[in-house]
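Participant: Handing you a structure now.
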Amino acid sequence: MLRSQVGVTERPPGSNDGPEVRAYLAACGITKPAPWCAALLHWGLSKIASKPVTGGGAWSPAWFPRARRVAAGDVREGDIGGVYFASLRRVGHVVACESVSRREVTTIEGNTNAAGSREGDRVARKVRDREQLVWARWL
């Protein structure tokens, strides 16, 4: 489901808005422009499950309750990764694992850019070191 969203961009750029972004946010009950990386994952998981998803939501840290965490060495396609920001003292950006290689993961991320920012304007694929993320399994 998320693969089909790669390339979606905010309209206008930098606005946290646009038709698709509004749909992601609406899946979490948000009706105005807002950061949306976690909302994209919530929207996608709801589509895959064909029902409303409880948990997760639009706040990045909510994706990582202890009961759902997995070790970096056990990551598989569909797992949710969290980028920890020391300045926030919490996970501040979430990604979905599309594929796993020996040390890296290819992710699909919302509200990002070419540099992998958490304040970008698009859905994109990124390659990240899987050991540098917190992981949880929802599927």
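Ordered as shown in the structure tokens, chains take letters A, B, and onward, while each chain numbers its residues from 1 and ligands are numbered from 1 in the order shown.
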Give me, as a list in words, all polymer residues having an atom no more than 10 Å from Val53 (chain A), counting only C-alpha atoms and skipping those fewer than 5 positions away in the same chain.
Facilitator: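 Contacts, in chain order: Ala27, Cys28, His42, Trp43, Gly44, Leu45, Ser46, Lys47, Ile48 and Trp138 of chain A.
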Participant: Based on the selection just made, write N, CA and C atoms of those residues as a PDB file, in the first residue's frame.
Facilitator:
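Output file result-v1.pdb is given in full below:
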```pdb
ATOM      1  N   ALA A  27      -7.070  10.031   8.474  1.00  0.00           N
ATOM      2  CA  ALA A  27      -7.101   8.677   9.036  1.00  0.00           C
ATOM      3  C   ALA A  27      -6.828   8.693  10.538  1.00  0.00           C
ATOM      4  N   CYS A  28      -6.206   9.772  11.016  1.00  0.00           N
ATOM      5  CA  CYS A  28      -5.904   9.939  12.445  1.00  0.00           C
ATOM      6  C   CYS A  28      -6.830  10.952  13.107  1.00  0.00           C
ATOM      7  N   HIS A  42      -0.179   5.167   9.663  1.00  0.00           N
ATOM      8  CA  HIS A  42      -1.504   4.815  10.186  1.00  0.00           C
ATOM      9  C   HIS A  42      -2.495   4.593   9.041  1.00  0.00           C
ATOM     10  N   TRP A  43      -2.487   5.499   8.085  1.00  0.00           N
ATOM     11  CA  TRP A  43      -3.350   5.384   6.904  1.00  0.00           C
ATOM     12  C   TRP A  43      -3.057   4.077   6.158  1.00  0.00           C
ATOM     13  N   GLY A  44      -1.780   3.814   5.901  1.00  0.00           N
ATOM     14  CA  GLY A  44      -1.403   2.612   5.163  1.00  0.00           C
ATOM     15  C   GLY A  44      -1.764   1.339   5.896  1.00  0.00           C
ATOM     16  N   LEU A  45      -1.533   1.290   7.192  1.00  0.00           N
ATOM     17  CA  LEU A  45      -1.854   0.101   7.976  1.00  0.00           C
ATOM     18  C   LEU A  45      -3.358  -0.138   7.990  1.00  0.00           C
ATOM     19  N   SER A  46      -4.127   0.933   8.072  1.00  0.00           N
ATOM     20  CA  SER A  46      -5.589   0.806   8.025  1.00  0.00           C
ATOM     21  C   SER A  46      -6.045   0.219   6.697  1.00  0.00           C
ATOM     22  N   LYS A  47      -5.390   0.611   5.604  1.00  0.00           N
ATOM     23  CA  LYS A  47      -5.737   0.078   4.281  1.00  0.00           C
ATOM     24  C   LYS A  47      -5.384  -1.403   4.182  1.00  0.00           C
ATOM     25  N   ILE A  48      -4.218  -1.774   4.693  1.00  0.00           N
ATOM     26  CA  ILE A  48      -3.783  -3.174   4.653  1.00  0.00           C
ATOM     27  C   ILE A  48      -4.700  -4.043   5.509  1.00  0.00           C
ATOM     28  N   TRP A 138       3.796  -4.269  13.841  1.00  0.00           N
ATOM     29  CA  TRP A 138       2.351  -4.070  13.916  1.00  0.00           C
ATOM     30  C   TRP A 138       1.579  -5.049  13.037  1.00  0.00           C
TER      31      TRP A 138
END
```
Participant: Please extract the residues of chain A with a backbone DSSP assignment of strand (DSSP E) and present them as an MDAnalysis selection string.
Facilitator: chainID A and resid 69:70 80:85 90:100 104:112 122:129 134:136
Participant: For Ile30 (chain A), please output as a ChimeraX atom specification all residues within 9 Å (counting only C-alpha atoms; exclusion window: fewer than 6 positions along the same chain).
Facilitator: /A:22,24,58
Participant: What is the distance between CA of Arg11 (chain A) and CA of Ser117 (chain A), in Å to one decimal?
Facilitator: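 One can read the CA of Arg11 (chain A) to CA of Ser117 (chain A) distance as 17.6 Å.
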Participant: So what do you get for CA of Arg76 (chain A) versus CA of Glu119 (chain A), distance-wise?
Facilitator: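 Going from CA of Arg76 (chain A) over to CA of Glu119 (chain A), I get 25.8 Å.
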Participant: Pick the closest to Ala72 (chain A) from A:Ala23, A:Asp121, A:Ala39, A:Glu104: which is it, counting only C-alpha atoms?
Facilitator: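 Going through A:Ala23, A:Asp121, A:Ala39, A:Glu104 one by one, the smallest distance to Ala72 (chain A) is for A:Glu104.
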Participant: Counting only C-alpha atoms, what is within 12 Å of Gln5 (chain A), bar same-chain residues fewer than 2 positions away, as a PyMOL selection string?
Facilitator: chain A and resi 1-3+7-10+20-21+23-24+40-41+43-44+108-111+122-125
Participant: Given the selection you just returned, output its residues as a file containing N, CA and C atoms, formatted as a PDB file, in the first residue's frame.
Facilitator:
```
ATOM      1  N   MET A   1       0.824  -1.200   0.000  1.00  0.00           N
ATOM      2  CA  MET A   1       0.000   0.000   0.000  1.00  0.00           C
ATOM      3  C   MET A   1       0.867   1.262   0.000  1.00  0.00           C
ATOM      4  N   LEU A   2       1.885   1.297   0.871  1.00  0.00           N
ATOM      5  CA  LEU A   2       2.722   2.500   0.935  1.00  0.00           C
ATOM      6  C   LEU A   2       3.557   2.686  -0.322  1.00  0.00           C
ATOM      7  N   ARG A   3       3.926   1.586  -0.987  1.00  0.00           N
ATOM      8  CA  ARG A   3       4.717   1.723  -2.220  1.00  0.00           C
ATOM      9  C   ARG A   3       4.014   2.616  -3.235  1.00  0.00           C
ATOM     10  N   GLY A   7       6.542   9.265  -3.988  1.00  0.00           N
ATOM     11  CA  GLY A   7       6.454  10.352  -4.972  1.00  0.00           C
ATOM     12  C   GLY A   7       5.380  11.370  -4.650  1.00  0.00           C
ATOM     13  N   VAL A   8       4.451  11.038  -3.750  1.00  0.00           N
ATOM     14  CA  VAL A   8       3.438  12.017  -3.347  1.00  0.00           C
ATOM     15  C   VAL A   8       4.148  13.203  -2.692  1.00  0.00           C
ATOM     16  N   THR A   9       3.736  14.402  -3.045  1.00  0.00           N
ATOM     17  CA  THR A   9       4.334  15.607  -2.465  1.00  0.00           C
ATOM     18  C   THR A   9       3.266  16.508  -1.865  1.00  0.00           C
ATOM     19  N   GLU A  10       3.699  17.307  -0.908  1.00  0.00           N
ATOM     20  CA  GLU A  10       2.817  18.318  -0.347  1.00  0.00           C
ATOM     21  C   GLU A  10       2.493  19.343  -1.422  1.00  0.00           C
ATOM     22  N   GLU A  20      -3.514  14.184  -0.835  1.00  0.00           N
ATOM     23  CA  GLU A  20      -3.092  12.918  -0.244  1.00  0.00           C
ATOM     24  C   GLU A  20      -2.721  13.100   1.223  1.00  0.00           C
ATOM     25  N   VAL A  21      -2.002  14.180   1.515  1.00  0.00           N
ATOM     26  CA  VAL A  21      -1.593  14.442   2.899  1.00  0.00           C
ATOM     27  C   VAL A  21      -2.827  14.617   3.774  1.00  0.00           C
ATOM     28  N   ALA A  23      -5.653  13.151   3.366  1.00  0.00           N
ATOM     29  CA  ALA A  23      -6.201  11.808   3.596  1.00  0.00           C
ATOM     30  C   ALA A  23      -5.426  11.069   4.686  1.00  0.00           C
ATOM     31  N   TYR A  24      -4.106  11.190   4.679  1.00  0.00           N
ATOM     32  CA  TYR A  24      -3.294  10.537   5.724  1.00  0.00           C
ATOM     33  C   TYR A  24      -3.670  11.088   7.093  1.00  0.00           C
ATOM     34  N   LEU A  40       0.869   8.900   7.749  1.00  0.00           N
ATOM     35  CA  LEU A  40       1.008   8.071   6.544  1.00  0.00           C
ATOM     36  C   LEU A  40       1.017   6.595   6.915  1.00  0.00           C
ATOM     37  N   LEU A  41       1.769   6.217   7.933  1.00  0.00           N
ATOM     38  CA  LEU A  41       1.832   4.818   8.337  1.00  0.00           C
ATOM     39  C   LEU A  41       0.488   4.334   8.872  1.00  0.00           C
ATOM     40  N   TRP A  43      -2.487   5.499   8.085  1.00  0.00           N
ATOM     41  CA  TRP A  43      -3.350   5.384   6.904  1.00  0.00           C
ATOM     42  C   TRP A  43      -3.057   4.077   6.158  1.00  0.00           C
ATOM     43  N   GLY A  44      -1.780   3.814   5.901  1.00  0.00           N
ATOM     44  CA  GLY A  44      -1.403   2.612   5.163  1.00  0.00           C
ATOM     45  C   GLY A  44      -1.764   1.339   5.896  1.00  0.00           C
ATOM     46  N   ILE A 108      10.183   3.363   3.481  1.00  0.00           N
ATOM     47  CA  ILE A 108       9.260   4.314   2.872  1.00  0.00           C
ATOM     48  C   ILE A 108       8.888   5.276   3.993  1.00  0.00           C
ATOM     49  N   GLU A 109       9.059   6.569   3.713  1.00  0.00           N
ATOM     50  CA  GLU A 109       8.890   7.596   4.733  1.00  0.00           C
ATOM     51  C   GLU A 109       8.042   8.741   4.209  1.00  0.00           C
ATOM     52  N   GLY A 110       7.214   9.267   5.054  1.00  0.00           N
ATOM     53  CA  GLY A 110       6.438  10.451   4.723  1.00  0.00           C
ATOM     54  C   GLY A 110       7.016  11.676   5.385  1.00  0.00           C
ATOM     55  N   ASN A 111       6.677  12.841   4.855  1.00  0.00           N
ATOM     56  CA  ASN A 111       7.119  14.131   5.398  1.00  0.00           C
ATOM     57  C   ASN A 111       8.647  14.182   5.470  1.00  0.00           C
ATOM     58  N   ARG A 122       7.571  15.182   1.129  1.00  0.00           N
ATOM     59  CA  ARG A 122       7.197  14.104   0.202  1.00  0.00           C
ATOM     60  C   ARG A 122       7.238  12.734   0.857  1.00  0.00           C
ATOM     61  N   VAL A 123       6.699  11.757   0.127  1.00  0.00           N
ATOM     62  CA  VAL A 123       6.851  10.337   0.475  1.00  0.00           C
ATOM     63  C   VAL A 123       8.011   9.834  -0.378  1.00  0.00           C
ATOM     64  N   ALA A 124       8.995   9.218   0.262  1.00  0.00           N
ATOM     65  CA  ALA A 124      10.193   8.795  -0.454  1.00  0.00           C
ATOM     66  C   ALA A 124      10.759   7.504   0.124  1.00  0.00           C
ATOM     67  N   ARG A 125      11.556   6.842  -0.698  1.00  0.00           N
ATOM     68  CA  ARG A 125      12.353   5.701  -0.236  1.00  0.00           C
ATOM     69  C   ARG A 125      13.679   6.227   0.282  1.00  0.00           C
TER      70      ARG A 125
END
```
Participant: Set the distance at 9 Å and use only C-alpha atoms: which residues neighbour Ala34 (chain A) once local chain neighbours fewer than 2 positions away are removed? I'd like the list as an mmCIF file with C-alpha atoms, in the first residue's frame.
Facilitator:
```cif
data_model
loop_
_atom_site.group_PDB
_atom_site.id
_atom_site.type_symbol
_atom_site.label_atom_id
_atom_site.label_comp_id
_atom_site.auth_asym_id
_atom_site.auth_seq_id
_atom_site.Cartn_x
_atom_site.Cartn_y
_atom_site.Cartn_z
ATOM 1 C CA SER A 15 2.769 23.276 3.732
ATOM 2 C CA ASN A 16 1.970 19.892 5.366
ATOM 3 C CA ASP A 17 -1.027 19.959 3.011
ATOM 4 C CA LEU A 25 -4.063 13.051 8.463
ATOM 5 C CA ILE A 30 -6.690 15.466 12.068
ATOM 6 C CA THR A 31 -8.401 18.062 9.879
ATOM 7 C CA LYS A 32 -5.722 20.739 9.494
ATOM 8 C CA TRP A 36 2.359 13.642 8.849
#
```
